[in-house]
file entry-v3.cif (mmCIF, C-alpha atoms and all ligand atoms)
data_work
loop_
_atom_site.label_atom_id
_atom_site.label_comp_id
_atom_site.auth_asym_id
_atom_site.auth_seq_id
_atom_site.Cartn_x
_atom_site.Cartn_y
_atom_site.Cartn_z
CA MET A 1 23.83 -30.80 -33.75
CA ALA A 2 20.58 -32.63 -34.05
CA TYR A 3 18.78 -34.00 -37.04
CA GLY A 4 18.85 -33.08 -40.67
CA ARG A 5 16.82 -30.18 -41.84
CA ARG A 6 14.28 -32.24 -43.69
CA VAL A 7 13.46 -34.56 -40.81
CA SER A 8 10.40 -33.76 -38.76
CA PRO A 9 11.16 -32.91 -35.13
CA VAL A 10 8.40 -35.21 -33.99
CA THR A 11 9.33 -38.26 -36.03
CA ARG A 12 13.09 -38.38 -35.59
CA ALA A 13 14.75 -40.62 -33.03
CA PRO A 14 14.43 -39.23 -29.51
CA ARG A 15 17.43 -37.50 -28.06
CA THR A 16 17.65 -34.84 -25.46
CA LEU A 17 18.92 -31.34 -25.85
CA PRO A 18 22.30 -30.31 -24.55
CA GLN A 19 21.57 -29.50 -20.95
CA PRO A 20 22.90 -26.12 -19.94
CA LEU A 21 23.14 -25.65 -16.18
CA ASP A 22 22.80 -29.40 -15.78
CA THR A 23 24.17 -30.67 -12.50
CA ALA A 24 25.28 -34.19 -13.53
CA ALA A 25 28.95 -33.19 -13.31
CA LEU A 26 28.62 -33.26 -9.54
CA ASP A 27 27.75 -36.06 -7.10
CA ARG A 28 25.35 -34.51 -4.62
CA ALA A 29 26.22 -37.27 -2.14
CA ALA A 30 22.86 -36.93 -0.42
CA HIS A 31 23.71 -39.75 2.00
CA ARG A 32 26.27 -37.46 3.67
CA ARG A 33 23.83 -34.66 4.51
CA THR A 34 22.77 -36.31 7.76
CA GLU A 35 26.32 -36.91 9.00
CA PRO A 36 26.86 -35.17 12.35
CA HIS A 37 28.77 -31.91 12.02
CA LEU A 38 29.41 -32.53 8.33
CA VAL A 39 30.32 -28.89 7.65
CA ARG A 40 32.86 -28.88 10.50
CA VAL A 41 34.35 -32.15 9.27
CA LEU A 42 34.71 -30.86 5.72
CA ARG A 43 36.21 -27.59 6.89
CA ASP A 44 39.03 -29.65 8.39
CA GLU A 45 39.78 -31.31 5.05
CA PRO A 46 42.27 -29.28 3.06
CA THR A 47 40.85 -30.54 -0.26
CA THR A 48 37.41 -29.04 0.43
CA ARG A 49 36.45 -26.06 -1.71
CA VAL A 50 33.90 -23.37 -0.87
CA VAL A 51 31.62 -21.38 -3.18
CA LEU A 52 30.67 -17.94 -1.86
CA VAL A 53 27.14 -16.59 -2.31
CA HIS A 54 26.01 -13.09 -1.42
CA ARG A 55 22.59 -11.64 -2.26
CA GLY A 56 22.03 -14.40 -4.82
CA ARG A 57 25.30 -13.68 -6.58
CA LEU A 58 28.52 -15.69 -6.78
CA ALA A 59 32.08 -14.70 -5.95
CA VAL A 60 34.22 -14.51 -9.08
CA ALA A 61 37.78 -15.82 -9.13
CA THR A 62 40.67 -13.73 -10.40
CA GLY A 63 40.59 -15.42 -13.81
CA GLY A 64 36.87 -14.73 -14.24
CA GLY A 65 35.61 -18.19 -13.23
CA LEU A 66 33.88 -19.39 -10.09
CA GLU A 67 35.77 -18.64 -6.87
CA LEU A 68 36.51 -21.88 -4.98
CA LEU A 69 38.16 -21.07 -1.68
CA PRO A 70 40.11 -23.58 0.43
CA PRO A 71 38.91 -23.86 4.04
CA GLU A 72 42.07 -22.26 5.41
CA ALA A 73 40.95 -18.99 3.81
CA LEU A 74 37.83 -19.10 6.00
CA THR A 75 39.10 -20.08 9.44
CA ASP A 76 37.64 -16.95 11.08
CA VAL A 77 34.14 -17.62 9.76
CA PRO A 78 31.65 -19.16 12.24
CA ALA A 79 30.83 -22.77 11.40
CA ASP A 80 27.22 -22.95 12.56
CA GLY A 81 23.97 -21.10 12.43
CA GLU A 82 22.32 -18.85 9.91
CA ARG A 83 24.75 -15.95 9.69
CA PRO A 84 26.49 -17.12 7.60
CA ARG A 85 24.83 -20.26 6.26
CA TRP A 86 26.94 -23.25 5.28
CA LEU A 87 25.45 -25.63 2.70
CA PHE A 88 26.80 -28.98 1.52
CA LEU A 89 26.79 -29.10 -2.28
CA GLY A 90 28.35 -32.49 -2.97
CA GLU A 91 31.49 -34.18 -4.15
CA GLU A 92 33.62 -34.36 -7.22
CA THR A 93 32.89 -37.34 -9.49
CA GLY A 94 35.23 -39.66 -11.34
CA VAL A 95 38.27 -39.42 -9.10
CA VAL A 96 40.43 -42.07 -7.53
CA GLY A 97 40.96 -41.54 -3.81
CA THR A 98 39.32 -38.86 -1.69
CA PRO A 99 37.00 -36.70 -3.77
CA THR A 100 36.95 -32.95 -3.32
CA SER A 101 33.95 -31.93 -1.24
CA TYR A 102 32.12 -28.70 -1.99
CA LEU A 103 30.39 -26.32 0.38
CA ALA A 104 28.58 -23.06 -0.19
CA LEU A 105 29.08 -20.21 2.25
CA VAL A 106 26.10 -17.87 2.09
CA LEU A 107 26.92 -14.45 3.50
CA PRO A 108 24.17 -12.43 5.17
CA ASP A 109 22.68 -9.79 2.87
CA ASP A 110 24.06 -7.01 5.04
CA ALA A 111 27.57 -8.47 5.28
CA ASP A 112 29.02 -5.53 3.36
CA ALA A 113 27.19 -2.87 5.39
CA GLU A 114 29.43 0.09 6.17
CA ASP A 115 27.91 0.72 9.59
CA VAL A 116 27.74 -1.48 12.66
CA ASP A 117 24.83 -3.77 12.02
CA ILE A 118 22.01 -4.31 14.48
CA GLU A 119 22.02 -8.04 13.71
CA GLY A 120 25.65 -8.31 14.55
CA VAL A 121 27.69 -8.25 11.33
CA ASP A 122 30.95 -6.60 12.32
CA PRO A 123 31.92 -4.18 9.52
CA ALA A 124 35.56 -5.12 10.12
CA GLY A 125 34.85 -8.84 10.59
CA PRO A 126 35.53 -11.79 8.29
CA LEU A 127 32.10 -11.77 6.63
CA ALA A 128 32.37 -8.08 5.78
CA LEU A 129 35.84 -8.61 4.37
CA LEU A 130 34.69 -11.52 2.23
CA ALA A 131 31.78 -9.48 0.91
CA ARG A 132 33.88 -6.43 0.11
CA GLU A 133 36.96 -8.14 -1.23
CA HIS A 134 35.22 -10.18 -3.91
CA THR A 135 33.71 -9.36 -7.24
CA TRP A 136 30.19 -10.78 -7.47
CA ALA A 137 28.29 -12.00 -10.53
CA GLY A 138 24.84 -13.43 -11.14
CA LEU A 139 24.45 -16.98 -12.41
CA ARG A 140 23.12 -15.83 -15.80
CA GLU A 141 26.22 -13.74 -16.32
CA LEU A 142 28.73 -16.23 -14.92
CA SER A 143 27.49 -19.66 -16.04
CA PRO A 144 28.11 -19.28 -19.81
CA ARG A 145 31.84 -19.07 -19.13
CA LEU A 146 32.00 -21.98 -16.67
CA ASP A 147 32.79 -25.64 -17.31
CA PRO A 148 30.04 -28.14 -16.40
CA ALA A 149 31.29 -28.93 -12.89
CA PRO A 150 31.63 -25.33 -11.61
CA ALA A 151 28.42 -24.41 -13.44
CA ALA A 152 26.67 -27.21 -11.54
CA LEU A 153 28.10 -26.00 -8.24
CA ALA A 154 27.11 -22.42 -8.93
CA THR A 155 23.57 -23.42 -9.94
CA GLU A 156 23.03 -25.60 -6.89
CA ALA A 157 24.48 -23.01 -4.53
CA VAL A 158 22.30 -20.18 -5.85
CA ALA A 159 19.17 -22.34 -5.91
CA LEU A 160 19.59 -23.65 -2.38
CA ALA A 161 20.58 -20.26 -0.97
CA ALA A 162 17.47 -18.72 -2.52
CA TRP A 163 15.25 -21.31 -0.84
CA HIS A 164 16.75 -20.62 2.60
CA ALA A 165 16.33 -16.89 2.12
CA VAL A 166 12.54 -17.17 1.83
CA HIS A 167 11.94 -19.95 4.36
CA GLU A 168 13.31 -18.38 7.51
CA ARG A 169 9.78 -18.63 8.87
CA CYS A 170 7.38 -21.55 8.78
CA PRO A 171 4.73 -21.11 6.04
CA ARG A 172 2.12 -22.77 8.30
CA CYS A 173 2.55 -20.99 11.62
CA GLY A 174 4.97 -18.13 10.99
CA GLU A 175 7.44 -19.18 13.68
CA PRO A 176 11.18 -19.26 12.89
CA THR A 177 12.76 -22.26 11.20
CA THR A 178 16.31 -23.53 11.62
CA LEU A 179 18.74 -25.04 9.15
CA GLU A 180 19.43 -28.80 9.39
CA ASN A 181 21.02 -31.60 7.36
CA ALA A 182 23.87 -29.46 6.02
CA GLY A 183 21.37 -27.08 4.45
CA TRP A 184 18.95 -29.58 2.91
CA THR A 185 16.06 -29.12 5.32
CA ARG A 186 14.71 -26.50 7.68
CA ARG A 187 12.65 -27.26 10.79
CA CYS A 188 9.89 -25.19 12.36
CA VAL A 189 10.88 -24.44 15.97
CA ALA A 190 7.24 -24.42 17.10
CA GLN A 191 5.78 -27.45 15.36
CA GLY A 192 8.88 -29.47 14.56
CA THR A 193 7.79 -29.93 10.95
CA GLU A 194 10.49 -30.28 8.31
CA LEU A 195 10.59 -28.10 5.23
CA TYR A 196 12.29 -29.25 2.04
CA PRO A 197 13.81 -27.20 -0.79
CA ARG A 198 11.30 -26.55 -3.53
CA THR A 199 11.51 -26.48 -7.31
CA ASP A 200 8.72 -25.03 -9.43
CA PRO A 201 8.28 -26.68 -12.84
CA ALA A 202 7.77 -24.52 -15.88
CA VAL A 203 7.26 -25.71 -19.46
CA ILE A 204 9.03 -24.25 -22.47
CA MET A 205 8.09 -25.40 -25.93
CA ALA A 206 9.06 -25.24 -29.56
CA VAL A 207 5.65 -25.25 -31.24
CA VAL A 208 6.04 -26.65 -34.76
CA ARG A 209 3.88 -27.30 -37.80
CA GLU A 210 4.59 -29.28 -40.94
CA GLU A 211 1.98 -27.95 -43.39
CA PRO A 212 2.28 -26.25 -45.80
CA GLU A 213 5.93 -26.46 -44.81
CA GLU A 214 7.93 -26.93 -41.62
CA MET A 215 7.60 -23.88 -39.42
CA LEU A 216 8.48 -22.87 -35.88
CA LEU A 217 6.37 -20.59 -33.70
CA LEU A 218 8.16 -17.86 -31.79
CA GLY A 219 6.62 -15.10 -29.72
CA HIS A 220 7.54 -11.71 -28.38
CA ALA A 221 6.70 -11.07 -24.74
CA ALA A 222 5.52 -7.65 -23.64
CA HIS A 223 8.41 -7.12 -21.22
CA TRP A 224 11.20 -8.16 -23.63
CA PRO A 225 13.48 -5.82 -25.59
CA ASP A 226 12.29 -4.94 -29.10
CA ARG A 227 12.75 -7.67 -31.73
CA ARG A 228 13.40 -10.39 -29.13
CA PHE A 229 11.61 -13.58 -30.15
CA SER A 230 11.68 -16.88 -28.32
CA THR A 231 9.79 -20.07 -27.61
CA LEU A 232 6.65 -19.90 -25.51
CA ALA A 233 6.86 -20.83 -21.83
CA GLY A 234 4.81 -20.81 -18.67
CA TYR A 235 4.41 -22.25 -15.20
CA VAL A 236 2.80 -25.58 -14.53
CA GLU A 237 -0.32 -25.11 -12.43
CA PRO A 238 -1.25 -27.23 -9.40
CA GLY A 239 -2.86 -30.49 -10.42
CA GLU A 240 -1.73 -30.21 -14.03
CA SER A 241 0.46 -32.55 -16.09
CA LEU A 242 3.42 -31.17 -17.99
CA GLU A 243 1.79 -32.11 -21.31
CA ASN A 244 -1.41 -30.30 -20.48
CA ALA A 245 0.52 -27.29 -19.22
CA VAL A 246 2.14 -27.09 -22.68
CA ARG A 247 -1.27 -27.29 -24.38
CA ARG A 248 -2.89 -24.76 -22.05
CA GLU A 249 -0.08 -22.21 -22.27
CA VAL A 250 0.02 -22.36 -26.07
CA ARG A 251 -3.77 -22.04 -26.29
CA GLU A 252 -3.82 -19.11 -23.82
CA GLU A 253 -0.90 -17.21 -25.30
CA VAL A 254 -1.49 -17.60 -29.05
CA GLY A 255 -4.76 -19.52 -29.50
CA VAL A 256 -3.09 -22.51 -31.18
CA GLU A 257 -4.26 -26.07 -30.42
CA VAL A 258 -1.44 -28.50 -29.69
CA GLY A 259 -1.57 -32.26 -30.19
CA GLU A 260 1.49 -34.41 -29.66
CA VAL A 261 3.99 -33.20 -27.05
CA GLU A 262 7.50 -34.63 -26.88
CA TYR A 263 9.95 -34.18 -24.00
CA ARG A 264 13.33 -32.83 -25.08
CA GLY A 265 15.26 -32.00 -21.91
CA SER A 266 15.30 -29.74 -18.90
CA GLN A 267 17.29 -26.95 -17.33
CA PRO A 268 17.47 -25.78 -13.72
CA TRP A 269 16.53 -22.12 -13.70
CA PRO A 270 17.01 -20.92 -10.14
CA PHE A 271 15.61 -17.39 -10.56
CA PRO A 272 14.57 -18.15 -7.93
CA ALA A 273 13.34 -21.73 -8.06
CA SER A 274 12.28 -22.93 -11.50
CA LEU A 275 12.97 -26.04 -13.50
CA MET A 276 12.44 -25.43 -17.21
CA VAL A 277 11.09 -28.59 -18.87
CA ALA A 278 11.49 -28.42 -22.63
CA PHE A 279 9.18 -29.90 -25.28
CA VAL A 280 8.51 -29.96 -28.96
CA ALA A 281 4.77 -29.39 -29.38
CA ARG A 282 2.99 -30.21 -32.64
CA ALA A 283 0.41 -27.63 -33.63
CA ARG A 284 -3.00 -28.79 -34.88
CA THR A 285 -4.09 -25.27 -35.84
CA ALA A 286 -2.13 -22.40 -37.35
CA ASP A 287 -4.01 -19.13 -36.78
CA LEU A 288 -2.18 -16.92 -34.31
CA HIS A 289 -3.98 -14.74 -31.78
CA PRO A 290 -1.39 -13.36 -29.34
CA ASP A 291 -3.09 -12.63 -26.05
CA GLY A 292 -1.80 -9.04 -26.08
CA VAL A 293 -0.95 -9.24 -22.39
CA GLU A 294 1.88 -11.70 -21.92
CA LEU A 295 2.57 -11.96 -25.63
CA THR A 296 2.31 -8.96 -27.98
CA ASP A 297 3.50 -10.71 -31.16
CA ALA A 298 3.75 -14.26 -32.46
CA ARG A 299 4.93 -15.50 -35.84
CA TRP A 300 5.55 -18.71 -37.76
CA PHE A 301 9.08 -18.91 -39.12
CA THR A 302 10.42 -21.12 -41.88
CA ARG A 303 14.06 -22.11 -41.47
CA ALA A 304 15.09 -19.82 -44.32
CA GLY A 305 13.01 -16.98 -42.91
CA LEU A 306 14.36 -17.40 -39.42
CA GLU A 307 17.96 -17.46 -40.65
CA ARG A 308 17.35 -14.35 -42.76
CA ASP A 309 15.68 -12.44 -39.91
CA VAL A 310 18.35 -13.39 -37.40
CA ARG A 311 21.15 -12.36 -39.76
CA SER A 312 19.50 -9.03 -40.51
CA GLY A 313 18.83 -8.31 -36.84
CA GLU A 314 15.07 -8.30 -37.39
CA VAL A 315 14.85 -11.13 -34.85
CA LEU A 316 16.99 -11.36 -31.71
CA LEU A 317 17.08 -14.88 -30.28
CA PRO A 318 17.58 -15.78 -26.60
CA GLY A 319 21.16 -16.15 -25.43
CA ARG A 320 23.40 -19.16 -25.83
CA GLY A 321 23.23 -21.43 -22.82
CA SER A 322 19.45 -21.05 -22.53
CA VAL A 323 17.21 -24.00 -23.15
CA ALA A 324 15.08 -21.74 -25.39
CA ARG A 325 18.05 -21.21 -27.68
CA ALA A 326 18.79 -24.94 -27.68
CA LEU A 327 15.20 -25.71 -28.71
CA VAL A 328 15.32 -23.19 -31.55
CA GLU A 329 18.66 -24.40 -32.84
CA GLU A 330 17.68 -28.04 -32.55
CA TRP A 331 14.68 -27.36 -34.78
CA PHE A 332 16.76 -25.24 -37.14
CA GLY A 333 19.34 -28.01 -37.42
CA GLY A 334 22.43 -26.05 -36.42
CA ALA A 335 23.79 -22.94 -34.80
CA LEU A 336 22.27 -19.58 -35.65
CA PRO A 337 24.24 -16.34 -35.59
CA GLY A 338 24.06 -13.80 -32.81
CA ALA A 339 24.54 -13.96 -29.06
ZN ZN B 401 5.41 -24.01 12.01
#

call {"tool": "encode", "arguments": {"input": "entry-v3.cif", "output": "structure tokens", "more": "lines below"}}
Ligand SMILES: [Zn+2]
result
Amino acid sequence: MAYGRRVSPVTRAPRTLPQPLDTAALDRAAHRRTEPHLVRVLRDEPTTRVVLVHRGRLAVATGGGLELLPPEALTDVPADGERPRWLFLGEETGVVGTPTSYLALVLPDDADAEDVDIEGVDPAGPLALLAREHTWAGLRELSPRLDPAPAALATEAVALAAWHAVHERCPRCGEPTTLENAGWTRRCVAQGTELYPRTDPAVIMAVVREEPEEMLLLGHAAHWPDRRFSTLAGYVEPGESLENAVRREVREEVGVEVGEVEYRGSQPWPFPASLMVAFVARARTADLHPDGVELTDARWFTRAGLERDVRSGEVLLPGRGSVARALVEEWFGGALPGA
């Protein structure tokens, strides 16, 4: 991948990182969200497929991939309302004829309760059976073994389900909200205001220097396992540009001043609602002063040093499929060992 080892990351031709958890493999078909009774219509189409979500996790198919149920497997499940929630995810791309449409079915948290539920989940009903009869996996665990299209579906389903879960009441007045537009808005019953799904931007950056030789800055966060090192990252604050968020976070976490900032790619990170925006950031100073709170260690690595430390187990990099890993390996100029 990427550029040769002797080419500076900030002078080579722009290209974007591979985009794990990217959703381009799916047409979100936003124009269909306002169609009347869209979920009912799609449940009558035998080609429709349904992703199951329960407590932020995804139903796993027999072969270990993402479960995609045909509508006839769900005929007993209510079509409307909040228990369960139906969400329109989009359509298959690049097909001739009728594309497959995708829905998410979000089971209530208590769908697998053993006792009769005060809210009305029948422990012998279809929702309870769906919850109990499936194996469930989180997106972090499942997505590395999915192809782009199911990974996109899984990411969108988990992200949208997470937004509904925390917007059952209006943030302004506290009254209930109801689901509309096939899951893409909620409306306050008291004020009539519409609420839209939110995404919180976060910046993640490979901080690099070129003197006295090319080096990459990696840090160790206080809450990480021992020897884990990764790129710095942090949330964008209100009223702040992405570039200045990069500069502020690097200054706060390690005391390094950053000059040029170059966009490299992005990754949805719905845990619960982030978008990781990745940069290469060129350091103007080199002295490291980890803040001791968020970051307890920070080091400059040469390529040879990083390779040596990763091979010896002295440094454990973030997992494959993460944008952090992609940034590190792009700078390194190839794959590094270790999961
Ligand atoms: Zn309200």

call {"tool": "residues_around", "arguments": {"input": "entry-v3.cif", "residues": "A:Asp309", "least_positions_apart": "2", "cutoff": "12 Å", "atoms": "all atoms listed in the file", "output": "PDB file with C-alpha atoms, in the frame of the given file"}}
result
ATOM      1  CA  ARG A 227      12.750  -7.670 -31.730  1.00  0.00           C
ATOM      2  CA  ARG A 228      13.400 -10.390 -29.130  1.00  0.00           C
ATOM      3  CA  PHE A 229      11.610 -13.580 -30.150  1.00  0.00           C
ATOM      4  CA  ARG A 299       4.930 -15.500 -35.840  1.00  0.00           C
ATOM      5  CA  PHE A 301       9.080 -18.910 -39.120  1.00  0.00           C
ATOM      6  CA  THR A 302      10.420 -21.120 -41.880  1.00  0.00           C
ATOM      7  CA  ARG A 303      14.060 -22.110 -41.470  1.00  0.00           C
ATOM      8  CA  ALA A 304      15.090 -19.820 -44.320  1.00  0.00           C
ATOM      9  CA  GLY A 305      13.010 -16.980 -42.910  1.00  0.00           C
ATOM     10  CA  LEU A 306      14.360 -17.400 -39.420  1.00  0.00           C
ATOM     11  CA  GLU A 307      17.960 -17.460 -40.650  1.00  0.00           C
ATOM     12  CA  ARG A 311      21.150 -12.360 -39.760  1.00  0.00           C
ATOM     13  CA  SER A 312      19.500  -9.030 -40.510  1.00  0.00           C
ATOM     14  CA  GLY A 313      18.830  -8.310 -36.840  1.00  0.00           C
ATOM     15  CA  GLU A 314      15.070  -8.300 -37.390  1.00  0.00           C
ATOM     16  CA  VAL A 315      14.850 -11.130 -34.850  1.00  0.00           C
ATOM     17  CA  LEU A 316      16.990 -11.360 -31.710  1.00  0.00           C
ATOM     18  CA  LEU A 317      17.080 -14.880 -30.280  1.00  0.00           C
ATOM     19  CA  LEU A 336      22.270 -19.580 -35.650  1.00  0.00           C
ATOM     20  CA  PRO A 337      24.240 -16.340 -35.590  1.00  0.00           C
ATOM     21  CA  GLY A 338      24.060 -13.800 -32.810  1.00  0.00           C
TER      22      GLY A 338
END

call {"tool": "atom_distance", "arguments": {"input": "entry-v3.cif", "atom1": "atom CA of A:Thr75", "atom2": "atom CA of A:Pro123"}}
result
17.4 Å

call {"tool": "atom_distance", "arguments": {"input": "entry-v3.cif", "atom1": "atom CA of A:Ala157", "atom2": "atom CA of A:Leu327"}}
result
26.0 Å

call {"tool": "closest_atom_pairs", "arguments": {"input": "entry-v3.cif", "of": "chain A", "to": "ligand ZN 401 (chain B)", "cutoff": "9 Å", "atoms": "only C-alpha atoms and all ligand atoms", "output": "tab-separated table"}}
result
residue	atom	partner	partner_atom	distance
A:Arg169	CA	B:ZN401	ZN	7.6
A:Cys170	CA	B:ZN401	ZN	4.5
A:Pro171	CA	B:ZN401	ZN	6.7
A:Arg172	CA	B:ZN401	ZN	5.1
A:Cys173	CA	B:ZN401	ZN	4.2
A:Gly174	CA	B:ZN401	ZN	6.0
A:Glu175	CA	B:ZN401	ZN	5.5
A:Pro176	CA	B:ZN401	ZN	7.5
A:Thr177	CA	B:ZN401	ZN	7.6
A:Arg187	CA	B:ZN401	ZN	8.0
A:Cys188	CA	B:ZN401	ZN	4.6
A:Val189	CA	B:ZN401	ZN	6.8
A:Ala190	CA	B:ZN401	ZN	5.4
A:Gln191	CA	B:ZN401	ZN	4.8
A:Gly192	CA	B:ZN401	ZN	7.0
A:Thr193	CA	B:ZN401	ZN	6.5
A:Glu194	CA	B:ZN401	ZN	8.9

call {"tool": "atom_distance", "arguments": {"input": "entry-v3.cif", "atom1": "atom CA of A:Leu42", "atom2": "atom CA of A:Ser101"}}
result
7.1 Å

call {"tool": "residues_around", "arguments": {"input": "entry-v3.cif", "residues": "A:Leu26", "least_positions_apart": "5", "cutoff": "9 Å", "atoms": "all atoms listed in the file", "output": "ChimeraX atom specification"}}
result
/A:89-93,148-150,152-153

call {"tool": "closest_residue", "arguments": {"input": "entry-v3.cif", "among": "A:Glu180, A:Glu45, A:Glu252, A:Glu156", "to": "A:Pro71", "atoms": "all atoms listed in the file"}}
result
A:Glu45

call {"tool": "closest_residue", "arguments": {"input": "entry-v3.cif", "among": "A:Leu160, A:Ala182, A:Ala283, A:Ala326", "to": "A:Glu35", "atoms": "only C-alpha atoms"}}
result
A:Ala182

call {"tool": "build_atoms", "arguments": {"input": "entry-v3.cif", "residues": "stretch 168-179 of chain A", "atoms": "N, CA, C and O atoms", "output": "mmCIF file, keeping the file's coordinate frame"}}
result
data_model
loop_
_atom_site.group_PDB
_atom_site.id
_atom_site.type_symbol
_atom_site.label_atom_id
_atom_site.label_comp_id
_atom_site.auth_asym_id
_atom_site.auth_seq_id
_atom_site.Cartn_x
_atom_site.Cartn_y
_atom_site.Cartn_z
ATOM 1 N N GLU A 168 12.827 -18.606 6.143
ATOM 2 C CA GLU A 168 13.310 -18.380 7.510
ATOM 3 C C GLU A 168 12.170 -18.514 8.508
ATOM 4 O O GLU A 168 12.408 -18.667 9.704
ATOM 5 N N ARG A 169 10.940 -18.426 8.002
ATOM 6 C CA ARG A 169 9.780 -18.630 8.870
ATOM 7 C C ARG A 169 8.900 -19.723 8.289
ATOM 8 O O ARG A 169 8.834 -19.918 7.088
ATOM 9 N N CYS A 170 8.232 -20.433 9.180
ATOM 10 C CA CYS A 170 7.380 -21.550 8.780
ATOM 11 C C CYS A 170 6.174 -21.035 7.991
ATOM 12 O O CYS A 170 5.482 -20.128 8.457
ATOM 13 N N PRO A 171 5.893 -21.589 6.816
ATOM 14 C CA PRO A 171 4.730 -21.110 6.040
ATOM 15 C C PRO A 171 3.398 -21.444 6.699
ATOM 16 O O PRO A 171 2.385 -20.816 6.396
ATOM 17 N N ARG A 172 3.384 -22.423 7.633
ATOM 18 C CA ARG A 172 2.120 -22.770 8.300
ATOM 19 C C ARG A 172 1.834 -21.856 9.480
ATOM 20 O O ARG A 172 0.730 -21.355 9.632
ATOM 21 N N CYS A 173 2.835 -21.677 10.361
ATOM 22 C CA CYS A 173 2.550 -20.990 11.620
ATOM 23 C C CYS A 173 3.326 -19.688 11.785
ATOM 24 O O CYS A 173 3.070 -18.938 12.736
ATOM 25 N N GLY A 174 4.266 -19.409 10.926
ATOM 26 C CA GLY A 174 4.970 -18.130 10.990
ATOM 27 C C GLY A 174 6.104 -18.068 11.996
ATOM 28 O O GLY A 174 6.783 -17.052 12.096
ATOM 29 N N GLU A 175 6.328 -19.163 12.729
ATOM 30 C CA GLU A 175 7.440 -19.180 13.680
ATOM 31 C C GLU A 175 8.761 -19.404 12.933
ATOM 32 O O GLU A 175 8.757 -19.887 11.801
ATOM 33 N N PRO A 176 9.897 -19.072 13.587
ATOM 34 C CA PRO A 176 11.180 -19.260 12.890
ATOM 35 C C PRO A 176 11.450 -20.729 12.558
ATOM 36 O O PRO A 176 10.933 -21.641 13.212
ATOM 37 N N THR A 177 12.265 -20.929 11.546
ATOM 38 C CA THR A 177 12.760 -22.260 11.200
ATOM 39 C C THR A 177 14.279 -22.251 11.319
ATOM 40 O O THR A 177 14.907 -21.191 11.257
ATOM 41 N N THR A 178 14.849 -23.435 11.509
ATOM 42 C CA THR A 178 16.310 -23.530 11.620
ATOM 43 C C THR A 178 16.844 -24.511 10.580
ATOM 44 O O THR A 178 16.174 -25.468 10.188
ATOM 45 N N LEU A 179 18.077 -24.239 10.187
ATOM 46 C CA LEU A 179 18.740 -25.040 9.150
ATOM 47 C C LEU A 179 19.196 -26.380 9.731
ATOM 48 O O LEU A 179 19.763 -26.423 10.817
#
